[in-house]
>>> print(open('work07.txt').read())   # compact mmCIF, C-alpha atoms and all ligand atoms
# COMPACT_ATOMS: atom_id res chain seq x y z
CA MET R 1 0.12 28.30 -25.58
CA ALA R 2 2.87 25.83 -24.68
CA LYS R 3 1.60 25.93 -21.11
CA GLU R 4 -1.96 25.18 -22.27
CA LYS R 5 -0.68 22.23 -24.29
CA ASP R 6 1.17 20.90 -21.25
CA LEU R 7 -1.95 21.24 -19.13
CA LYS R 8 -4.04 19.46 -21.75
CA LYS R 9 -1.45 16.68 -21.99
CA ALA R 10 -1.36 16.30 -18.21
CA PHE R 11 -5.15 16.19 -18.11
CA ASP R 12 -5.38 13.56 -20.88
CA GLN R 13 -2.71 11.45 -19.19
CA HIS R 14 -4.55 11.62 -15.90
CA VAL R 15 -7.82 10.53 -17.53
CA GLN R 16 -6.06 7.61 -19.25
CA LEU R 17 -4.43 6.52 -16.01
CA GLU R 18 -7.76 6.63 -14.20
CA GLU R 19 -9.36 4.61 -17.00
CA PHE R 20 -6.60 2.01 -17.08
CA PHE R 21 -7.59 0.43 -13.79
CA THR R 22 -11.34 0.98 -14.25
CA GLY R 23 -13.98 -1.27 -15.71
CA PHE R 24 -12.78 -4.57 -14.27
CA THR R 25 -15.52 -6.50 -12.48
CA ILE R 26 -15.30 -6.92 -8.74
CA LYS R 27 -15.87 -10.58 -8.06
CA GLY R 28 -15.16 -10.65 -4.35
CA SER R 29 -13.07 -13.73 -5.04
CA GLN R 30 -11.30 -13.54 -1.70
CA GLU R 31 -14.05 -13.80 0.89
CA SER R 32 -13.60 -11.76 4.01
CA GLY R 33 -16.36 -13.78 5.64
CA GLN R 34 -14.11 -15.94 7.84
CA PRO R 35 -14.60 -15.09 11.50
CA VAL R 36 -11.73 -13.13 13.00
CA ASN R 37 -10.47 -14.46 16.28
CA ASP R 38 -11.37 -12.31 19.32
CA TYR R 39 -7.74 -12.18 20.42
CA VAL R 40 -6.73 -10.63 17.09
CA ILE R 41 -9.55 -8.05 17.28
CA ALA R 42 -8.51 -7.12 20.84
CA GLN R 43 -4.85 -6.85 19.83
CA PHE R 44 -5.70 -4.52 16.94
CA ALA R 45 -7.75 -2.34 19.30
CA GLN R 46 -4.77 -2.32 21.67
CA ILE R 47 -2.38 -1.33 18.85
CA ALA R 48 -4.73 1.49 17.78
CA ALA R 49 -4.86 2.76 21.38
CA GLU R 50 -1.05 2.61 21.67
CA VAL R 51 -0.61 4.43 18.34
CA ASN R 52 -3.02 7.10 19.59
CA ALA R 53 -1.03 7.59 22.79
CA CYS R 54 2.39 7.26 21.13
CA ARG R 55 4.85 10.15 21.44
CA LYS R 56 8.01 8.15 20.66
CA CYS R 57 8.79 10.61 17.89
CA GLN R 58 7.82 14.21 17.24
CA LEU R 59 5.09 13.28 14.73
CA GLY R 60 2.75 12.24 17.53
CA ASN R 61 2.47 15.88 18.60
CA MET R 62 2.07 17.23 15.08
CA ARG R 63 -0.63 15.09 13.53
CA THR R 64 -4.39 15.58 13.69
CA ASN R 65 -5.30 11.89 13.76
CA PRO R 66 -3.18 8.76 13.93
CA VAL R 67 -3.68 6.37 11.00
CA PRO R 68 -3.08 2.84 12.30
CA GLY R 69 -4.54 1.04 9.26
CA GLU R 70 -7.79 -0.62 8.28
CA GLY R 71 -9.27 -3.63 6.56
CA ASN R 72 -9.72 -7.36 6.86
CA LEU R 73 -7.85 -8.81 9.83
CA ASN R 74 -7.85 -12.18 7.99
CA ALA R 75 -6.55 -10.68 4.75
CA ASP R 76 -4.38 -12.68 2.37
CA ILE R 77 -2.91 -9.41 1.09
CA VAL R 78 -1.63 -6.46 3.11
CA PHE R 79 -0.75 -3.26 1.26
CA VAL R 80 1.89 -1.16 3.03
CA GLY R 81 2.42 2.47 2.05
CA GLU R 82 4.76 5.16 3.30
CA GLY R 83 2.79 7.33 5.68
CA PRO R 84 -0.41 9.35 5.98
CA GLY R 85 -0.86 12.47 3.87
CA ALA R 86 -3.16 15.42 4.55
CA ASP R 87 -6.42 13.57 3.72
CA GLU R 88 -5.44 10.56 5.79
CA ASP R 89 -4.40 12.79 8.70
CA ALA R 90 -7.77 14.56 8.56
CA GLN R 91 -9.79 11.32 8.48
CA GLY R 92 -7.59 8.90 10.45
CA ARG R 93 -7.83 6.39 7.58
CA PRO R 94 -5.12 5.16 5.20
CA PHE R 95 -5.13 5.89 1.48
CA VAL R 96 -8.25 8.05 1.21
CA GLY R 97 -6.78 10.88 -0.90
CA ARG R 98 -5.89 10.89 -4.61
CA ALA R 99 -3.33 8.12 -4.31
CA GLY R 100 -5.88 6.16 -2.28
CA LYS R 101 -8.50 6.49 -5.01
CA LEU R 102 -6.01 5.02 -7.46
CA LEU R 103 -5.15 2.22 -5.01
CA ASP R 104 -8.90 1.47 -4.75
CA LYS R 105 -9.01 1.13 -8.54
CA ILE R 106 -6.01 -1.16 -8.58
CA ILE R 107 -7.62 -3.37 -5.91
CA ALA R 108 -10.90 -3.41 -7.88
CA ALA R 109 -9.01 -4.25 -11.08
CA MET R 110 -7.61 -7.26 -9.20
CA GLY R 111 -11.19 -8.45 -8.65
CA LEU R 112 -11.07 -7.65 -4.95
CA LYS R 113 -12.86 -5.30 -2.61
CA ARG R 114 -11.00 -2.82 -0.44
CA ALA R 115 -12.59 -4.45 2.64
CA GLU R 116 -11.02 -7.80 1.72
CA VAL R 117 -7.44 -6.59 2.07
CA TYR R 118 -5.63 -4.76 4.87
CA ILE R 119 -4.12 -1.32 4.18
CA CYS R 120 -1.60 0.46 6.35
CA ASN R 121 1.69 2.36 6.35
CA ILE R 122 5.19 2.07 7.79
CA ILE R 123 4.55 5.17 9.89
CA LYS R 124 1.23 5.93 11.53
CA CYS R 125 1.37 9.74 11.81
CA ARG R 126 1.67 12.34 9.06
CA PRO R 127 5.04 13.99 8.55
CA PRO R 128 4.54 17.77 8.19
CA GLY R 129 4.29 18.98 4.60
CA ASN R 130 4.27 15.35 3.40
CA ARG R 131 8.03 15.11 3.71
CA ASP R 132 9.61 11.65 3.69
CA PRO R 133 9.59 9.91 7.04
CA ARG R 134 12.93 10.22 8.88
CA PRO R 135 14.87 7.13 9.92
CA ASP R 136 14.25 7.72 13.64
CA GLU R 137 10.50 8.06 12.97
CA ILE R 138 10.47 4.80 11.01
CA ILE R 139 12.46 3.00 13.71
CA SER R 140 10.03 4.21 16.42
CA CYS R 141 6.93 3.25 14.45
CA LEU R 142 7.94 -0.02 12.81
CA PRO R 143 7.10 -2.26 15.80
CA PHE R 144 3.41 -1.37 15.31
CA LEU R 145 3.46 -2.58 11.70
CA LYS R 146 5.38 -5.72 12.63
CA ARG R 147 2.79 -6.58 15.29
CA GLN R 148 0.00 -6.01 12.75
CA LEU R 149 1.68 -8.31 10.24
CA GLU R 150 2.29 -10.97 12.88
CA LEU R 151 -1.39 -10.94 13.81
CA ILE R 152 -2.76 -10.99 10.27
CA LYS R 153 -0.08 -13.32 8.89
CA PRO R 154 -1.00 -12.46 5.30
CA LYS R 155 0.09 -14.67 2.41
CA ILE R 156 1.42 -11.63 0.57
CA ILE R 157 2.62 -8.15 1.51
CA VAL R 158 2.56 -5.56 -1.27
CA THR R 159 4.86 -2.65 -0.48
CA LEU R 160 3.94 0.57 -2.25
CA GLY R 161 6.98 2.63 -3.14
CA ALA R 162 10.59 2.82 -2.07
CA PRO R 163 10.32 3.78 1.64
CA ALA R 164 8.00 0.87 2.53
CA THR R 165 9.94 -1.59 0.38
CA ARG R 166 13.38 -0.59 1.59
CA THR R 167 12.28 -0.52 5.21
CA LEU R 168 10.78 -4.01 5.20
CA LEU R 169 13.52 -5.55 3.05
CA GLU R 170 16.29 -3.64 4.86
CA THR R 171 17.95 -2.59 1.63
CA ASN R 172 18.82 0.60 -0.19
CA LYS R 173 18.31 -0.81 -3.67
CA PRO R 174 16.14 1.22 -6.05
CA ILE R 175 12.48 0.24 -6.27
CA GLY R 176 12.90 -0.31 -10.03
CA GLN R 177 15.29 -3.15 -9.25
CA LEU R 178 13.21 -4.65 -6.47
CA ARG R 179 9.70 -4.60 -7.95
CA GLY R 180 8.22 -7.33 -10.12
CA LYS R 181 9.42 -10.30 -8.09
CA PHE R 182 8.76 -11.79 -4.69
CA HIS R 183 11.15 -11.30 -1.80
CA ASP R 184 11.05 -13.09 1.55
CA PHE R 185 9.93 -11.07 4.55
CA TYR R 186 10.67 -12.65 7.90
CA LEU R 187 8.51 -12.08 10.94
CA GLU R 188 10.24 -11.98 14.28
CA ASP R 189 8.35 -15.08 15.49
CA PHE R 190 10.48 -17.28 13.20
CA SER R 191 7.46 -18.50 11.26
CA ALA R 192 7.82 -19.17 7.53
CA PRO R 193 8.65 -16.04 5.50
CA ILE R 194 5.88 -14.03 3.88
CA LYS R 195 6.15 -13.27 0.18
CA LEU R 196 6.66 -9.55 -0.35
CA MET R 197 5.94 -7.92 -3.72
CA PRO R 198 7.30 -4.38 -4.12
CA THR R 199 5.58 -2.13 -6.62
CA TYR R 200 5.41 1.55 -7.44
CA HIS R 201 3.48 3.83 -5.08
CA PRO R 202 0.16 5.06 -6.58
CA ALA R 203 1.30 8.66 -5.93
CA TYR R 204 4.39 7.94 -8.05
CA LEU R 205 2.12 6.60 -10.80
CA LEU R 206 0.05 9.78 -10.64
CA ARG R 207 3.20 11.90 -10.92
CA ASN R 208 5.04 9.76 -13.47
CA TYR R 209 2.38 8.78 -15.85
CA SER R 210 3.45 6.41 -18.59
CA HIS R 211 1.98 3.31 -20.14
CA GLU R 212 5.08 1.39 -19.02
CA ASN R 213 4.74 2.38 -15.37
CA ARG R 214 1.05 1.54 -15.05
CA GLN R 215 1.62 -1.73 -16.94
CA ARG R 216 4.46 -2.58 -14.53
CA VAL R 217 2.17 -2.13 -11.52
CA TRP R 218 -0.50 -4.19 -13.22
CA GLU R 219 1.99 -6.98 -13.98
CA ASP R 220 3.05 -6.96 -10.31
CA MET R 221 -0.58 -7.28 -9.19
CA LYS R 222 -1.23 -10.10 -11.67
CA THR R 223 1.79 -11.94 -10.24
CA VAL R 224 0.24 -11.54 -6.76
CA LEU R 225 -3.12 -12.92 -7.93
CA ALA R 226 -1.46 -15.89 -9.65
CA GLU R 227 0.52 -16.69 -6.50
CA LEU R 228 -2.72 -16.74 -4.49
CA GLY R 229 -4.39 -18.97 -7.08
CA LEU R 230 -6.93 -16.25 -7.83
CA GLU R 231 -8.29 -15.50 -11.27
CA VAL R 232 -6.01 -13.18 -13.20
CA PRO R 233 -8.17 -10.71 -15.16
CA LYS R 234 -7.43 -10.41 -18.84
CA ASP R 235 -5.80 -7.15 -19.96
CA LYS R 236 -8.16 -4.72 -21.61
CA LYS R 237 -7.64 -4.37 -25.35
N1 LIG R 301 0.36 7.67 0.79
C1 LIG R 301 0.75 6.71 1.65
O1 LIG R 301 1.87 6.20 1.55
N2 LIG R 301 -0.10 6.32 2.58
C2 LIG R 301 -1.32 6.80 2.70
O2 LIG R 301 -2.06 6.37 3.59
C3 LIG R 301 -1.71 7.79 1.79
C4 LIG R 301 -0.87 8.22 0.84
>>> encode(input="work07.txt", output="structure tokens")
Amino acid sequence: MAKEKDLKKAFDQHVQLEEFFTGFTIKGSQESGQPVNDYVIAQFAQIAAEVNACRKCQLGNMRTNPVPGEGNLNADIVFVGEGPGADEDAQGRPFVGRAGKLLDKIIAAMGLKRAEVYICNIIKCRPPGNRDPRPDEIISCLPFLKRQLELIKPKIIVTLGAPATRTLLETNKPIGQLRGKFHDFYLEDFSAPIKLMPTYHPAYLLRNYSHENRQRVWEDMKTVLAELGLEVPKDKK
């Protein structure tokens, strides 16, 4: 009986979490219509080919498909997750599993389309059994992400979860301390820093359902929209 109650509670919480980020109108406020420079397109194709051939760490021999990233090469916002899971490994696309569905809802709640942003990870190949990426794997893979960020030069990077946040900010601080405010992320080309907003990973939200946690993510996303001068949707009653 207690088990049934727990299951019912988990189910209700999941439904509420799904509903929280649903029902906002997609306005397409950030147009992806600007032409992308041919050089950038060619460089992204080159990066994808290099990721495909990469065996700098053991993950290259273990994955089904590499997951370099996808989206708008002119994006103002780049979302950076941890690494591909089973669904992403099967499809070669980032954030297409359960956590990805929630990320899609968060993006839609922001009034944006998935195709208007760029989505990728700090590592491009799936660690077996979804374990955390190891430091040597991150070190081997990070140059790909840095090249992607240098080409897109987004206005804002949103890091999803502790591994992505700690890697890009080179810190060991807890995500709870880092999220909610902008940090400076420096590209290696010495251009002006990019604003980086850490927030909780959608998979963490799915596992640690609470009104506070989902509201925190939503506050972080509203801060991002305000910084870009985009309309900040009103909270649902
Ligand atoms: N989790 C991640 O961090 N990245 C993905 O692409 C999917 C799930």
>>> residues_near_point(input="work07.txt", point="(-5.2, -14.0, 14.0)", cutoff="10 Å", atoms="only C-alpha atoms", output="PDB file with C-alpha atoms, in the coordinates of the input")
ATOM      1  CA  PRO R  35     -14.600 -15.090  11.500  1.00  0.00           C
ATOM      2  CA  VAL R  36     -11.730 -13.130  13.000  1.00  0.00           C
ATOM      3  CA  ASN R  37     -10.470 -14.460  16.280  1.00  0.00           C
ATOM      4  CA  ASP R  38     -11.370 -12.310  19.320  1.00  0.00           C
ATOM      5  CA  TYR R  39      -7.740 -12.180  20.420  1.00  0.00           C
ATOM      6  CA  VAL R  40      -6.730 -10.630  17.090  1.00  0.00           C
ATOM      7  CA  ILE R  41      -9.550  -8.050  17.280  1.00  0.00           C
ATOM      8  CA  GLN R  43      -4.850  -6.850  19.830  1.00  0.00           C
ATOM      9  CA  PHE R  44      -5.700  -4.520  16.940  1.00  0.00           C
ATOM     10  CA  LEU R  73      -7.850  -8.810   9.830  1.00  0.00           C
ATOM     11  CA  ASN R  74      -7.850 -12.180   7.990  1.00  0.00           C
ATOM     12  CA  ALA R  75      -6.550 -10.680   4.750  1.00  0.00           C
ATOM     13  CA  GLN R 148       0.000  -6.010  12.750  1.00  0.00           C
ATOM     14  CA  LEU R 149       1.680  -8.310  10.240  1.00  0.00           C
ATOM     15  CA  GLU R 150       2.290 -10.970  12.880  1.00  0.00           C
ATOM     16  CA  LEU R 151      -1.390 -10.940  13.810  1.00  0.00           C
ATOM     17  CA  ILE R 152      -2.760 -10.990  10.270  1.00  0.00           C
ATOM     18  CA  LYS R 153      -0.080 -13.320   8.890  1.00  0.00           C
ATOM     19  CA  PRO R 154      -1.000 -12.460   5.300  1.00  0.00           C
TER      20      PRO R 154
END
>>> axis_aligned_box(input="work07.txt", around="ligand LIG 301 (chain R)", padding_each_side="4 Å", output="JSON")
{"center_x": -0.1, "center_y": 7.2, "center_z": 2.2, "size_x": 11.9, "size_y": 10.0, "size_z": 10.8}
>>> closest_residue(input="work07.txt", among="R:Lys155, R:Lys146, R:Arg207, R:His183", to="R:Glu227", atoms="all atoms listed in the file")
R:Lys155
>>> closest_atom_pairs(input="work07.txt", of="stretch 141-163 of chain R", to="stretch 80-86 of chain R", cutoff="9 Å", atoms="all atoms listed in the file", output="CSV")
residue,atom,partner,partner_atom,distance
R:Leu145,CA,R:Val80,CA,8.9
R:Ile157,CA,R:Val80,CA,7.2
R:Val158,CA,R:Val80,CA,6.2
R:Thr159,CA,R:Val80,CA,4.8
R:Leu160,CA,R:Gly81,CA,4.9
R:Gly161,CA,R:Gly81,CA,6.9
R:Ala162,CA,R:Glu82,CA,8.3
R:Pro163,CA,R:Glu82,CA,6.0
>>> closest_atom_pairs(input="work07.txt", of="chain R", to="ligand LIG 301 (chain R)", cutoff="10 Å", atoms="all atoms listed in the file", output="CSV")
residue,atom,partner,partner_atom,distance
R:Val67,CA,R:LIG301,O2,7.6
R:Pro68,CA,R:LIG301,O2,9.5
R:Gly69,CA,R:LIG301,O2,8.2
R:Phe79,CA,R:LIG301,N2,9.7
R:Val80,CA,R:LIG301,O1,7.5
R:Gly81,CA,R:LIG301,O1,3.8
R:Glu82,CA,R:LIG301,O1,3.5
R:Gly83,CA,R:LIG301,N2,4.4
R:Pro84,CA,R:LIG301,O2,4.2
R:Gly85,CA,R:LIG301,C3,5.2
R:Ala86,CA,R:LIG301,C3,8.2
R:Asp87,CA,R:LIG301,C3,7.7
R:Glu88,CA,R:LIG301,O2,5.8
R:Asp89,CA,R:LIG301,O2,8.5
R:Gly92,CA,R:LIG301,O2,9.2
R:Arg93,CA,R:LIG301,O2,7.0
R:Pro94,CA,R:LIG301,O2,3.7
R:Phe95,CA,R:LIG301,O2,3.8
R:Val96,CA,R:LIG301,C3,6.6
R:Gly97,CA,R:LIG301,C3,6.5
R:Arg98,CA,R:LIG301,C4,7.9
R:Ala99,CA,R:LIG301,C4,5.7
R:Gly100,CA,R:LIG301,C3,6.1
R:Lys101,CA,R:LIG301,C3,9.7
R:Leu103,CA,R:LIG301,C4,9.4
R:Ile119,CA,R:LIG301,O2,8.0
R:Cys120,CA,R:LIG301,O2,6.5
R:Asn121,CA,R:LIG301,N2,5.8
R:Ile122,CA,R:LIG301,O1,8.2
R:Ile123,CA,R:LIG301,N2,8.7
R:Lys124,CA,R:LIG301,O2,8.6
R:Cys125,CA,R:LIG301,O2,9.5
R:Arg126,CA,R:LIG301,O2,8.9
R:Asn130,CA,R:LIG301,N1,9.0
R:Asp132,CA,R:LIG301,O1,9.7
R:Thr159,CA,R:LIG301,O1,9.6
R:Leu160,CA,R:LIG301,O1,7.1
R:Gly161,CA,R:LIG301,O1,7.8
R:Pro163,CA,R:LIG301,O1,8.8
R:Ala164,CA,R:LIG301,O1,8.2
R:His201,CA,R:LIG301,O1,7.2
R:Pro202,CA,R:LIG301,N1,7.8
R:Ala203,CA,R:LIG301,N1,6.9
R:Tyr204,CA,R:LIG301,N1,9.7
>>> atom_distance(input="work07.txt", atom1="atom CA of R:Phe182", atom2="atom CA of R:Val217")
13.5 Å
>>> atom_distance(input="work07.txt", atom1="atom CA of R:Leu205", atom2="atom CA of R:Lys234")
21.1 Å
>>> atom_distance(input="work07.txt", atom1="atom CA of R:Pro233", atom2="atom CA of R:Asp220")
12.8 Å
>>> build_atoms(input="work07.txt", residues="stretch 105-128 of chain R", atoms="N, CA and C atoms", output="mmCIF file, keeping the file's coordinate frame")
data_model
loop_
_atom_site.group_PDB
_atom_site.id
_atom_site.type_symbol
_atom_site.label_atom_id
_atom_site.label_comp_id
_atom_site.auth_asym_id
_atom_site.auth_seq_id
_atom_site.Cartn_x
_atom_site.Cartn_y
_atom_site.Cartn_z
ATOM 1 N N LYS R 105 -8.778 1.625 -7.172
ATOM 2 C CA LYS R 105 -9.010 1.130 -8.540
ATOM 3 C C LYS R 105 -8.138 -0.075 -8.844
ATOM 4 N N ILE R 106 -6.920 -0.032 -8.355
ATOM 5 C CA ILE R 106 -6.010 -1.160 -8.580
ATOM 6 C C ILE R 106 -6.571 -2.414 -7.897
ATOM 7 N N ILE R 107 -7.052 -2.229 -6.656
ATOM 8 C CA ILE R 107 -7.620 -3.370 -5.910
ATOM 9 C C ILE R 107 -8.851 -3.905 -6.649
ATOM 10 N N ALA R 108 -9.701 -2.981 -7.133
ATOM 11 C CA ALA R 108 -10.900 -3.410 -7.880
ATOM 12 C C ALA R 108 -10.505 -4.121 -9.165
ATOM 13 N N ALA R 109 -9.465 -3.607 -9.832
ATOM 14 C CA ALA R 109 -9.010 -4.250 -11.080
ATOM 15 C C ALA R 109 -8.523 -5.666 -10.801
ATOM 16 N N MET R 110 -8.064 -5.911 -9.569
ATOM 17 C CA MET R 110 -7.610 -7.260 -9.200
ATOM 18 C C MET R 110 -8.790 -8.189 -8.901
ATOM 19 N N GLY R 111 -10.004 -7.641 -8.943
ATOM 20 C CA GLY R 111 -11.190 -8.450 -8.650
ATOM 21 C C GLY R 111 -11.474 -8.529 -7.167
ATOM 22 N N LEU R 112 -10.905 -7.617 -6.396
ATOM 23 C CA LEU R 112 -11.070 -7.650 -4.950
ATOM 24 C C LEU R 112 -11.793 -6.397 -4.464
ATOM 25 N N LYS R 113 -12.277 -6.486 -3.233
ATOM 26 C CA LYS R 113 -12.860 -5.300 -2.610
ATOM 27 C C LYS R 113 -11.862 -4.746 -1.605
ATOM 28 N N ARG R 114 -11.923 -3.446 -1.404
ATOM 29 C CA ARG R 114 -11.000 -2.820 -0.440
ATOM 30 C C ARG R 114 -11.127 -3.493 0.939
ATOM 31 N N ALA R 115 -12.373 -3.859 1.305
ATOM 32 C CA ALA R 115 -12.590 -4.450 2.640
ATOM 33 C C ALA R 115 -11.999 -5.851 2.758
ATOM 34 N N GLU R 116 -11.585 -6.441 1.652
ATOM 35 C CA GLU R 116 -11.020 -7.800 1.720
ATOM 36 C C GLU R 116 -9.524 -7.806 2.008
ATOM 37 N N VAL R 117 -8.880 -6.658 1.844
ATOM 38 C CA VAL R 117 -7.440 -6.590 2.070
ATOM 39 C C VAL R 117 -7.200 -5.724 3.320
ATOM 40 N N TYR R 118 -5.953 -5.671 3.773
ATOM 41 C CA TYR R 118 -5.630 -4.760 4.870
ATOM 42 C C TYR R 118 -4.695 -3.694 4.300
ATOM 43 N N ILE R 119 -4.906 -2.438 4.713
ATOM 44 C CA ILE R 119 -4.120 -1.320 4.180
ATOM 45 C C ILE R 119 -3.525 -0.527 5.338
ATOM 46 N N CYS R 120 -2.234 -0.316 5.274
ATOM 47 C CA CYS R 120 -1.600 0.460 6.350
ATOM 48 C C CYS R 120 -0.302 1.088 5.834
ATOM 49 N N ASN R 121 0.478 1.633 6.728
ATOM 50 C CA ASN R 121 1.690 2.360 6.350
ATOM 51 C C ASN R 121 2.838 2.000 7.288
ATOM 52 N N ILE R 122 4.071 2.340 6.875
ATOM 53 C CA ILE R 122 5.190 2.070 7.790
ATOM 54 C C ILE R 122 5.212 3.064 8.942
ATOM 55 N N ILE R 123 4.705 4.277 8.734
ATOM 56 C CA ILE R 123 4.550 5.170 9.890
ATOM 57 C C ILE R 123 3.082 5.571 10.013
ATOM 58 N N LYS R 124 2.670 5.781 11.241
ATOM 59 C CA LYS R 124 1.230 5.930 11.530
ATOM 60 C C LYS R 124 0.806 7.383 11.692
ATOM 61 N N CYS R 125 1.728 8.323 11.664
ATOM 62 C CA CYS R 125 1.370 9.740 11.810
ATOM 63 C C CYS R 125 1.954 10.522 10.633
ATOM 64 N N ARG R 126 1.267 11.569 10.242
ATOM 65 C CA ARG R 126 1.670 12.340 9.060
ATOM 66 C C ARG R 126 2.907 13.195 9.320
ATOM 67 N N PRO R 127 3.917 13.047 8.464
ATOM 68 C CA PRO R 127 5.040 13.990 8.550
ATOM 69 C C PRO R 127 4.594 15.344 8.010
ATOM 70 N N PRO R 128 5.002 16.445 8.641
ATOM 71 C CA PRO R 128 4.540 17.770 8.190
ATOM 72 C C PRO R 128 4.939 18.012 6.728
#
